[in-house]
>>> print(open('work-v3.txt').read())   # compact mmCIF, C-alpha atoms
# COMPACT_ATOMS: atom_id res chain seq x y z
CA MET A 1 0.00 0.00 0.00
CA ASP A 2 1.48 3.37 -0.89
CA LYS A 3 1.47 6.28 1.52
CA TYR A 4 -1.63 7.89 0.08
CA ASP A 5 -3.65 4.70 0.30
CA LEU A 6 -2.36 4.07 3.78
CA VAL A 7 -3.36 7.54 4.95
CA LEU A 8 -6.77 7.19 3.32
CA ASP A 9 -7.22 3.82 4.95
CA ILE A 10 -6.39 4.92 8.48
CA VAL A 11 -8.74 7.90 8.12
CA GLU A 12 -11.48 5.69 6.75
CA HIS A 13 -11.01 2.81 9.17
CA PRO A 14 -8.99 3.95 12.20
CA GLU A 15 -10.65 1.19 14.22
CA LYS A 16 -8.68 -1.41 12.28
CA TYR A 17 -5.46 -0.15 13.82
CA THR A 18 -4.22 -0.04 17.40
CA SER A 19 -3.05 3.23 18.91
CA GLU A 20 0.52 2.00 18.67
CA GLN A 21 0.15 1.14 15.01
CA LEU A 22 -1.34 4.53 14.25
CA ALA A 23 1.44 6.29 16.13
CA GLU A 24 4.02 4.27 14.25
CA ILE A 25 2.47 5.04 10.86
CA MET A 26 2.42 8.72 11.73
CA SER A 27 6.03 8.68 12.89
CA ASP A 28 7.08 8.58 9.23
CA PRO A 29 7.48 12.26 8.23
CA ASP A 30 6.35 11.67 4.66
CA THR A 31 3.17 9.88 5.69
CA LYS A 32 2.50 12.57 8.26
CA GLU A 33 2.87 15.24 5.60
CA VAL A 34 0.33 13.50 3.36
CA TYR A 35 -1.98 13.15 6.35
CA ASN A 36 -1.66 16.81 7.30
CA MET A 37 -2.37 17.78 3.74
CA LEU A 38 -5.48 15.64 3.73
CA CYS A 39 -6.61 17.47 6.89
CA LYS A 40 -6.08 20.77 5.10
CA VAL A 41 -7.91 19.65 1.96
CA ASP A 42 -10.83 18.68 4.16
CA SER A 43 -10.82 22.15 5.76
CA ALA A 44 -10.63 23.85 2.37
CA ILE A 45 -13.62 21.96 1.01
CA GLU A 46 -15.72 22.49 4.11
CA ALA A 47 -14.92 26.19 4.32
CA GLU A 48 -16.99 26.82 1.20
CA LYS A 49 -20.31 25.99 2.79
CA ASP A 50 -23.05 28.58 2.83
CA ILE A 51 -24.47 29.75 6.11
CA ASN A 52 -27.73 31.52 6.78
CA VAL A 53 -26.75 33.94 9.51
CA ASP A 54 -30.25 35.23 10.19
CA ALA A 55 -31.52 31.71 10.78
CA GLU A 56 -28.55 31.02 13.03
CA TRP A 57 -29.28 34.12 15.06
CA GLU A 58 -32.90 33.10 15.46
CA ASN A 59 -31.77 29.71 16.61
CA PHE A 60 -29.26 31.15 19.07
CA SER A 61 -31.62 33.81 20.28
CA GLU A 62 -34.35 31.31 21.00
CA LYS A 63 -32.05 29.05 22.94
CA HIS A 64 -30.64 31.83 25.07
CA THR A 65 -33.55 34.17 25.61
CA ALA A 66 -34.61 33.10 29.03
CA HIS A 67 -31.10 32.70 30.23
CA SER A 68 -29.87 36.04 29.01
CA ARG A 69 -32.83 38.03 30.19
CA ARG A 70 -32.25 36.85 33.68
CA LYS A 71 -28.58 37.66 33.38
CA PHE A 72 -29.25 41.15 32.15
CA PHE A 73 -31.61 41.76 34.97
CA TRP A 74 -28.86 40.73 37.30
CA ILE A 75 -26.25 42.93 35.69
CA GLY A 76 -28.60 45.84 35.34
CA SER A 77 -29.46 46.01 38.99
CA ARG A 78 -26.43 44.61 40.65
CA ALA A 79 -26.51 47.19 43.44
CA ALA A 80 -30.12 46.41 44.19
CA SER A 81 -29.42 42.70 44.15
CA ILE A 82 -26.57 42.97 46.61
CA ALA A 83 -28.79 44.96 48.93
CA GLY A 84 -31.40 42.28 48.45
CA ILE A 85 -29.01 39.56 49.52
CA ILE A 86 -28.08 41.38 52.70
CA CYS A 87 -31.68 42.06 53.64
CA THR A 88 -32.93 38.60 53.01
CA SER A 89 -30.08 36.64 54.48
CA ILE A 90 -31.57 34.66 57.28
CA VAL A 91 -29.79 32.42 59.63
CA ALA A 92 -32.17 29.79 60.77
CA VAL A 93 -31.44 27.34 63.48
CA ALA A 94 -33.59 24.33 63.02
CA ALA A 95 -34.89 23.31 66.35
CA GLY A 96 -34.00 19.85 67.55
CA ILE A 97 -31.65 19.15 64.67
CA ALA A 98 -27.99 19.77 65.10
CA PHE A 99 -27.25 21.83 62.06
CA THR A 100 -27.18 25.48 61.36
CA VAL A 101 -28.21 26.83 58.08
CA ALA A 102 -28.13 30.06 56.26
CA VAL A 103 -30.80 30.60 53.70
CA ILE A 104 -29.82 33.17 51.20
CA GLU A 105 -32.20 34.37 48.65
CA HIS A 106 -29.70 34.49 45.86
CA LYS A 107 -31.32 37.01 43.59
CA PRO A 108 -34.73 38.51 43.29
CA GLU A 109 -36.59 37.40 40.23
CA PRO A 110 -39.27 39.58 38.71
CA ILE A 111 -42.54 37.73 38.65
CA SER A 112 -43.25 38.69 35.06
CA GLU A 113 -40.17 36.83 33.92
CA LYS A 114 -40.93 33.61 35.64
CA VAL A 115 -43.34 32.39 33.06
CA ALA A 116 -40.93 32.96 30.23
CA ASP A 117 -37.89 31.80 32.14
CA THR A 118 -38.75 28.34 33.21
CA PRO A 119 -41.61 26.06 32.64
CA SER A 120 -43.78 26.08 35.73
CA VAL A 121 -42.98 22.46 36.30
CA ALA A 122 -39.30 21.76 36.03
CA THR A 123 -38.58 18.10 36.00
CA VAL A 124 -35.35 16.37 36.61
CA SER A 125 -35.36 12.85 35.42
CA THR A 126 -33.28 10.25 37.08
CA ASP A 127 -34.17 7.48 34.71
CA THR A 128 -30.90 5.68 35.08
CA LEU A 129 -31.61 4.90 38.67
CA THR A 130 -33.84 2.05 39.55
CA ALA A 131 -33.52 1.89 43.30
CA LYS A 132 -36.74 2.18 45.24
CA SER A 133 -37.66 5.10 47.41
CA ASP A 134 -36.06 5.12 50.84
CA THR A 135 -33.40 2.73 49.67
CA VAL A 136 -29.91 4.07 49.93
CA ASN A 137 -27.83 2.92 47.02
CA VAL A 138 -24.81 5.18 47.27
CA SER A 139 -22.17 5.79 49.88
CA LEU A 140 -23.37 6.63 53.36
CA THR A 141 -20.89 9.44 53.91
CA PRO A 142 -22.65 12.71 54.68
CA ILE A 143 -22.39 15.37 51.99
CA LEU A 144 -21.93 18.98 52.97
CA PHE A 145 -23.57 21.51 50.67
CA GLU A 146 -22.18 24.97 51.11
CA ASN A 147 -24.28 27.74 49.67
CA GLU A 148 -25.75 25.44 47.03
CA PRO A 149 -29.07 26.02 45.30
CA LEU A 150 -31.87 23.82 46.55
CA GLU A 151 -32.21 22.45 43.06
CA SER A 152 -28.79 20.82 43.05
CA ILE A 153 -29.17 19.60 46.61
CA LEU A 154 -32.41 17.87 45.68
CA LYS A 155 -30.85 16.36 42.58
CA GLU A 156 -28.20 14.79 44.76
CA VAL A 157 -30.83 13.60 47.23
CA ALA A 158 -33.01 12.27 44.41
CA ASP A 159 -30.04 10.37 43.00
CA ALA A 160 -29.25 8.85 46.36
CA TYR A 161 -32.77 7.55 46.89
CA GLY A 162 -33.71 6.77 43.32
CA VAL A 163 -36.45 9.39 43.25
CA GLU A 164 -37.97 9.42 39.81
CA GLU A 165 -38.83 13.06 39.42
CA ILE A 166 -38.44 16.46 41.03
CA ARG A 167 -41.17 18.99 40.32
CA PHE A 168 -40.48 22.61 41.05
CA ASN A 169 -43.82 24.34 41.24
CA ASN A 170 -42.03 27.13 43.05
CA THR A 171 -39.08 28.31 40.98
CA GLU A 172 -38.04 30.77 43.66
CA ALA A 173 -37.43 27.93 46.07
CA ALA A 174 -35.28 26.18 43.49
CA THR A 175 -32.79 29.04 43.57
CA LEU A 176 -32.58 29.31 47.36
CA HIS A 177 -29.01 28.80 48.48
CA LEU A 178 -28.50 26.61 51.53
CA TYR A 179 -25.90 25.29 53.85
CA TYR A 180 -27.02 21.76 54.44
CA ARG A 181 -25.46 18.57 55.67
CA PHE A 182 -27.10 15.71 53.85
CA ASP A 183 -26.85 12.44 55.72
CA PRO A 184 -27.64 9.52 53.39
CA SER A 185 -28.06 7.13 56.32
CA LEU A 186 -31.36 8.86 57.09
CA THR A 187 -34.51 7.82 55.29
CA LEU A 188 -35.80 9.99 52.46
CA ASN A 189 -38.72 11.02 54.63
CA GLU A 190 -36.36 12.25 57.33
CA VAL A 191 -34.35 14.25 54.81
CA VAL A 192 -37.50 15.86 53.46
CA GLU A 193 -38.54 16.63 57.00
CA GLN A 194 -35.20 18.29 57.72
CA LEU A 195 -35.38 20.40 54.59
CA ASN A 196 -38.96 21.39 55.38
CA THR A 197 -37.77 22.99 58.62
CA PHE A 198 -36.58 25.86 56.42
CA GLU A 199 -39.35 28.38 56.35
CA GLN A 200 -39.26 29.00 52.60
CA ILE A 201 -39.25 25.34 51.68
CA ASP A 202 -42.22 23.06 51.30
CA ILE A 203 -41.36 19.67 49.88
CA LYS A 204 -43.81 16.83 49.51
CA LEU A 205 -42.95 13.24 48.78
CA ASN A 206 -45.59 11.37 46.83
CA SER A 207 -45.01 7.97 45.28
CA ASN A 208 -41.39 8.57 44.37
CA ILE A 209 -41.92 12.15 43.18
CA LEU A 210 -40.62 15.18 45.06
CA THR A 211 -42.83 18.23 44.65
CA ILE A 212 -41.61 21.64 45.73
CA ASP A 213 -44.35 24.19 46.36
CA MET B 1 -21.04 46.50 28.63
CA THR B 2 -22.64 44.26 26.08
CA ASN B 3 -26.34 44.31 25.64
CA ARG B 4 -28.52 42.12 23.52
CA ASN B 5 -28.55 44.44 20.53
CA ASP B 6 -24.78 44.68 20.60
CA ILE B 7 -24.58 40.91 20.68
CA GLU B 8 -26.97 40.60 17.79
CA GLN B 9 -24.84 42.96 15.79
CA LEU B 10 -21.63 41.14 16.69
CA PHE B 11 -23.29 37.86 15.86
CA LYS B 12 -24.49 38.97 12.45
CA THR B 13 -21.21 40.62 11.59
CA HIS B 14 -18.84 37.87 12.67
CA TYR B 15 -20.77 34.62 12.66
CA VAL B 16 -19.79 33.53 9.15
CA GLN B 17 -16.10 34.04 9.80
CA MET B 18 -16.24 32.36 13.20
CA HIS B 19 -18.16 29.39 11.91
CA ARG B 20 -15.81 29.06 8.98
CA LEU B 21 -12.85 28.95 11.34
CA ALA B 22 -14.50 26.38 13.59
CA VAL B 23 -15.42 24.17 10.62
CA ALA B 24 -11.90 24.43 9.22
CA LEU B 25 -10.57 23.20 12.55
CA LEU B 26 -13.22 20.66 13.51
CA HIS B 27 -14.65 19.43 10.17
CA ASP B 28 -18.06 19.16 11.76
CA ASP B 29 -20.89 21.63 11.17
CA ASP B 30 -22.87 20.91 14.31
CA LEU B 31 -19.88 20.99 16.57
CA ALA B 32 -18.72 24.22 14.94
CA ARG B 33 -22.13 25.79 15.50
CA ASP B 34 -22.16 24.75 19.14
CA ILE B 35 -18.76 26.25 19.72
CA VAL B 36 -19.61 29.58 18.08
CA HIS B 37 -22.90 29.73 19.98
CA ASP B 38 -20.98 28.99 23.13
CA VAL B 39 -18.72 31.98 22.54
CA PHE B 40 -21.73 34.27 22.17
CA ALA B 41 -23.44 32.71 25.17
CA SER B 42 -20.38 33.54 27.23
CA LEU B 43 -20.76 37.17 26.11
CA LEU B 44 -24.33 37.14 27.37
CA ASP B 45 -23.17 35.76 30.68
CA GLY B 46 -20.64 38.35 31.63
CA SER B 47 -20.18 42.06 31.49
CA HIS B 48 -17.32 42.86 29.18
CA ASP B 49 -15.45 46.05 29.67
CA ILE B 50 -12.99 45.29 26.91
CA PRO B 51 -14.23 46.12 23.45
CA ILE B 52 -15.10 42.96 21.57
CA SER B 53 -13.19 42.79 18.34
CA SER B 54 -13.25 40.32 15.53
CA CYS B 55 -9.82 39.23 16.72
CA TYR B 56 -11.12 38.47 20.22
CA LEU B 57 -14.02 36.45 18.86
CA LEU B 58 -11.87 34.40 16.49
CA LYS B 59 -9.36 33.75 19.22
CA ALA B 60 -12.16 32.55 21.49
CA VAL B 61 -13.39 30.17 18.79
CA ARG B 62 -9.91 28.88 18.10
CA ASN B 63 -9.20 28.25 21.77
CA ARG B 64 -12.42 26.36 22.24
CA CYS B 65 -11.83 24.25 19.15
CA LEU B 66 -8.28 23.41 20.17
CA ASN B 67 -9.45 22.49 23.65
CA TYR B 68 -11.93 20.12 22.07
CA ILE B 69 -9.26 18.57 19.85
CA ARG B 70 -6.87 18.28 22.79
CA ASP B 71 -9.29 15.91 24.48
CA CYS B 72 -9.54 13.60 21.47
CA GLY B 73 -7.64 10.32 21.50
CA ILE B 74 -5.56 9.22 18.55
CA HIS B 75 -8.37 7.27 16.88
CA GLN B 76 -10.78 10.15 17.16
CA ARG B 77 -8.19 12.58 15.86
CA ILE B 78 -7.54 10.50 12.79
CA ALA B 79 -11.19 9.72 12.14
CA ASN B 80 -11.94 13.46 12.23
CA ARG B 81 -8.83 14.54 10.35
CA TYR B 82 -7.22 16.51 13.18
CA PHE B 83 -3.48 17.08 13.37
CA MET B 84 -1.71 14.57 15.58
CA GLU B 85 -0.36 17.21 17.96
CA ASN B 86 -2.18 20.36 19.02
CA GLU B 87 1.06 22.31 18.62
CA GLU B 88 0.89 21.74 14.88
CA TYR B 89 -2.05 24.10 14.58
CA ASP B 90 0.29 26.87 15.65
CA SER B 91 3.45 25.65 13.94
CA GLU B 92 1.59 25.11 10.67
CA ASP B 93 -0.25 28.37 11.23
CA TRP B 94 -3.47 26.58 10.40
CA PRO B 95 -6.05 27.36 9.13
CA ASP B 96 -4.55 29.87 6.75
CA GLU B 97 -6.78 31.54 4.21
CA GLU B 98 -4.18 31.64 1.47
CA THR B 99 -3.58 27.89 1.47
CA ILE B 100 -7.30 27.21 1.70
CA ALA B 101 -7.92 29.38 -1.37
CA ARG B 102 -5.09 27.66 -3.24
CA ILE B 103 -6.31 24.17 -2.46
CA TYR B 104 -9.81 25.14 -3.43
CA SER B 105 -8.77 26.56 -6.78
CA LEU B 106 -6.65 23.46 -7.46
CA ILE B 107 -9.65 21.26 -6.83
CA LYS B 108 -11.68 23.34 -9.26
CA SER B 109 -9.09 23.55 -12.00
CA GLU B 110 -7.05 20.36 -11.79
CA MET B 111 -9.50 17.63 -10.82
CA SER B 112 -11.73 15.54 -12.98
CA PRO B 113 -15.42 16.07 -12.18
CA GLN B 114 -15.50 12.58 -10.69
CA SER B 115 -12.57 13.18 -8.34
CA ARG B 116 -14.13 16.45 -7.30
CA ARG B 117 -17.41 14.70 -6.58
CA VAL B 118 -15.64 12.05 -4.50
CA MET B 119 -13.89 14.71 -2.43
CA GLU B 120 -17.05 16.71 -1.89
CA LEU B 121 -18.99 13.65 -0.80
CA ARG B 122 -16.21 12.57 1.53
CA PHE B 123 -15.29 15.87 3.12
CA SER B 124 -18.24 18.18 2.69
CA GLN B 125 -20.95 15.62 3.31
CA GLY B 126 -18.94 13.22 5.45
CA LEU B 127 -19.94 10.05 3.59
CA PRO B 128 -17.84 6.93 4.07
CA PHE B 129 -16.12 5.48 1.00
CA ALA B 130 -18.56 2.58 0.75
CA ARG B 131 -21.52 4.97 0.43
CA ILE B 132 -19.69 7.17 -2.04
CA ALA B 133 -18.96 4.12 -4.16
CA ALA B 134 -22.60 3.04 -4.03
CA SER B 135 -23.99 6.47 -4.83
CA MET B 136 -21.61 6.99 -7.77
CA GLY B 137 -21.90 3.46 -9.06
CA ILE B 138 -18.16 2.80 -8.87
CA SER B 139 -16.07 0.39 -6.81
CA GLU B 140 -14.60 1.32 -3.45
CA THR B 141 -11.15 0.81 -4.93
CA ALA B 142 -12.00 3.41 -7.55
CA VAL B 143 -12.98 5.83 -4.77
CA TYR B 144 -9.57 5.28 -3.14
CA ARG B 145 -7.93 5.86 -6.51
CA HIS B 146 -9.74 9.14 -7.11
CA MET B 147 -8.84 10.36 -3.65
CA SER B 148 -5.21 9.41 -3.76
CA HIS B 149 -4.86 10.84 -7.26
CA ALA B 150 -6.40 14.11 -6.11
CA LEU B 151 -4.15 14.28 -3.05
CA THR B 152 -1.07 13.58 -5.16
CA ILE B 153 -1.85 16.45 -7.50
CA ILE B 154 -2.65 18.90 -4.71
CA ARG B 155 0.50 18.02 -2.82
CA LYS B 156 2.66 18.36 -5.92
CA LYS B 157 1.17 21.71 -6.89
CA LEU B 158 1.35 23.12 -3.39
CA ASN B 159 5.00 22.13 -3.07
CA GLU B 160 5.80 23.57 -6.52
CA ASN B 161 4.50 26.95 -5.46
CA GLY B 162 6.46 26.82 -2.26
>>> encode(input="work-v3.txt", output="structure tokens")
Amino acid sequence: MDKYDLVLDIVEHPEKYTSEQLAEIMSDPDTKEVYNMLCKVDSAIEAEKDINVDAEWENFSEKHTAHSRRKFFWIGSRAASIAGIICTSIVAVAAGIAFTVAVIEHKPEPISEKVADTPSVATVSTDTLTAKSDTVNVSLTPILFENEPLESILKEVADAYGVEEIRFNNTEAATLHLYYRFDPSLTLNEVVEQLNTFEQIDIKLNSNILTID
Amino acid sequence: MTNRNDIEQLFKTHYVQMHRLAVALLHDDDLARDIVHDVFASLLDGSHDIPISSCYLLKAVRNRCLNYIRDCGIHQRIANRYFMENEEYDSEDWPDEETIARIYSLIKSEMSPQSRRVMELRFSQGLPFARIAASMGISETAVYRHMSHALTIIRKKLNENG
């Protein structure tokens, strides 16, 4: 096989060769030069494609509308938001449970944006997990969440207990930032109970679905 | 400070060039689009005090593409026609518009229509040789022959012109 055919063959069927074989083939400067040229020819041919920029913008714009509007709100009123954080920072000591938490309302969200921002029911699917509710299937080491949004805490919890779905009917609660020590040796009901001791949080567990109101 | 209208203007002014660069590096339309979109999304995310130039945007695309390529193993690199070492993109100063234009004009002027078709199907549409052979009604060996003939000519001509 000459060098051109060899280069074409490794590009067409790299799976036929081991990494070592490929490296050895490429260690020949001549073969490598042919290969690099093939890479460049590919680039040259592909560079001639037509692009519809307006359609691309529409596509981009649609994908990033909700996201960006929230961001701009945040940038536009940074001073107000910082003041908001200070005012709404609450340190709650949950009675009877030995952990201290700080609930920080991360950023105020205008009500009018909520509808556009997120669907009223945000679902997180954990379809890869098959474990039943209240069954711990991961390590029993406690996990410390430091200033994490409730949404990610619940994802972790849902993963640990094989919860099928998390429904956020209250998007504001989803963005609450918490300090929370999650102890997987507790039952799911106990964890939900702990989290419900936070004033702004109302979680219900119904047949393997967590609903946040 | 970038606002949405500024971004729209930047997008419409520079998208073609950015996408072209990403495709030249990655040889994959969808991946190229994702990377360019990602650059603009990052502009939406932050406040930028530095003026955003074409140079900045292209650099951002290039960096993201090279980061992607860096994570590819040898098989993936070869299957996607990426240089073996990331450093080669700098040492070969690739992609370079002049070479791209030269290769493209060679393909137009020096190739038989059949060779040109084979190259377009392989590189522009990403078809494997077997499918090219089937769609053109020729053998797979003939597809290899067209390709290697085309590469031989391009290499010879490029080297002639220094």
>>> residues_near_point(input="work-v3.txt", point="(-8.0, 18.4, -10.0)", cutoff="12 Å", atoms="all atoms listed in the file", output="PDB file with C-alpha atoms, in the frame of the given file")
ATOM      1  CA  ARG B 102      -5.090  27.660  -3.240  1.00  0.00           C
ATOM      2  CA  ILE B 103      -6.310  24.170  -2.460  1.00  0.00           C
ATOM      3  CA  TYR B 104      -9.810  25.140  -3.430  1.00  0.00           C
ATOM      4  CA  SER B 105      -8.770  26.560  -6.780  1.00  0.00           C
ATOM      5  CA  LEU B 106      -6.650  23.460  -7.460  1.00  0.00           C
ATOM      6  CA  ILE B 107      -9.650  21.260  -6.830  1.00  0.00           C
ATOM      7  CA  LYS B 108     -11.680  23.340  -9.260  1.00  0.00           C
ATOM      8  CA  SER B 109      -9.090  23.550 -12.000  1.00  0.00           C
ATOM      9  CA  GLU B 110      -7.050  20.360 -11.790  1.00  0.00           C
ATOM     10  CA  MET B 111      -9.500  17.630 -10.820  1.00  0.00           C
ATOM     11  CA  SER B 112     -11.730  15.540 -12.980  1.00  0.00           C
ATOM     12  CA  PRO B 113     -15.420  16.070 -12.180  1.00  0.00           C
ATOM     13  CA  GLN B 114     -15.500  12.580 -10.690  1.00  0.00           C
ATOM     14  CA  SER B 115     -12.570  13.180  -8.340  1.00  0.00           C
ATOM     15  CA  ARG B 116     -14.130  16.450  -7.300  1.00  0.00           C
ATOM     16  CA  ARG B 117     -17.410  14.700  -6.580  1.00  0.00           C
ATOM     17  CA  VAL B 118     -15.640  12.050  -4.500  1.00  0.00           C
ATOM     18  CA  MET B 119     -13.890  14.710  -2.430  1.00  0.00           C
ATOM     19  CA  HIS B 146      -9.740   9.140  -7.110  1.00  0.00           C
ATOM     20  CA  MET B 147      -8.840  10.360  -3.650  1.00  0.00           C
ATOM     21  CA  SER B 148      -5.210   9.410  -3.760  1.00  0.00           C
ATOM     22  CA  HIS B 149      -4.860  10.840  -7.260  1.00  0.00           C
ATOM     23  CA  ALA B 150      -6.400  14.110  -6.110  1.00  0.00           C
ATOM     24  CA  LEU B 151      -4.150  14.280  -3.050  1.00  0.00           C
ATOM     25  CA  THR B 152      -1.070  13.580  -5.160  1.00  0.00           C
ATOM     26  CA  ILE B 153      -1.850  16.450  -7.500  1.00  0.00           C
ATOM     27  CA  ILE B 154      -2.650  18.900  -4.710  1.00  0.00           C
ATOM     28  CA  ARG B 155       0.500  18.020  -2.820  1.00  0.00           C
ATOM     29  CA  LYS B 156       2.660  18.360  -5.920  1.00  0.00           C
ATOM     30  CA  LYS B 157       1.170  21.710  -6.890  1.00  0.00           C
TER      31      LYS B 157
END
>>> closest_residue(input="work-v3.txt", among="B:Val61, B:Glu92, B:Asn86, B:Asp45", to="B:Leu31", atoms="only C-alpha atoms")
B:Val61
>>> interface_residues(input="work-v3.txt", of="chain B", to="chain A", cutoff="8 Å", atoms="all atoms listed in the file", output="ChimeraX atom specification")
/B:3,8,11-12,15-16,20-21,23-25,27,37,41,44-45,47,74-75,78-83,95,100-101,103-104,120,123-124,128-129,144,147-148,151-152,155
>>> residues_around(input="work-v3.txt", residues="B:Ala133", least_positions_apart="5", cutoff="9 Å", atoms="all atoms listed in the file", output="number ranges by chain")
B: 118, 128, 138-143
>>> write_last_selection(input="work-v3.txt", atoms="C-alpha atoms", output="compact mmCIF listing (two decimals), in the coordinates of the input")
# COMPACT_ATOMS: atom_id res chain seq x y z
CA VAL B 118 -15.64 12.05 -4.50
CA PRO B 128 -17.84 6.93 4.07
CA ILE B 138 -18.16 2.80 -8.87
CA SER B 139 -16.07 0.39 -6.81
CA GLU B 140 -14.60 1.32 -3.45
CA THR B 141 -11.15 0.81 -4.93
CA ALA B 142 -12.00 3.41 -7.55
CA VAL B 143 -12.98 5.83 -4.77
>>> atom_distance(input="work-v3.txt", atom1="atom CA of A:Ser207", atom2="atom CA of A:Thr171")
21.6 Å
>>> residues_near_point(input="work-v3.txt", point="(-42.0, 19.6, 45.8)", cutoff="9 Å", atoms="only C-alpha atoms", output="ChimeraX atom specification")
/A:166-170,201-205,209-213
>>> atom_distance(input="work-v3.txt", atom1="atom CA of B:Met18", atom2="atom CA of B:Ser54")
8.8 Å
>>> atom_distance(input="work-v3.txt", atom1="atom CA of A:Leu144", atom2="atom CA of A:Ala174")
17.9 Å
>>> closest_residue(input="work-v3.txt", among="A:Asp28, A:Glu164, A:Asn189, A:Ala173", to="A:Ser152", atoms="all atoms listed in the file")
A:Ala173
>>> axis_aligned_box(input="work-v3.txt", around="stretch 179-195 of chain A", padding_each_side="4 Å", output="JSON")
{"center_x": -32.1, "center_y": 16.2, "center_z": 55.1, "size_x": 21.3, "size_y": 26.2, "size_z": 13.3}
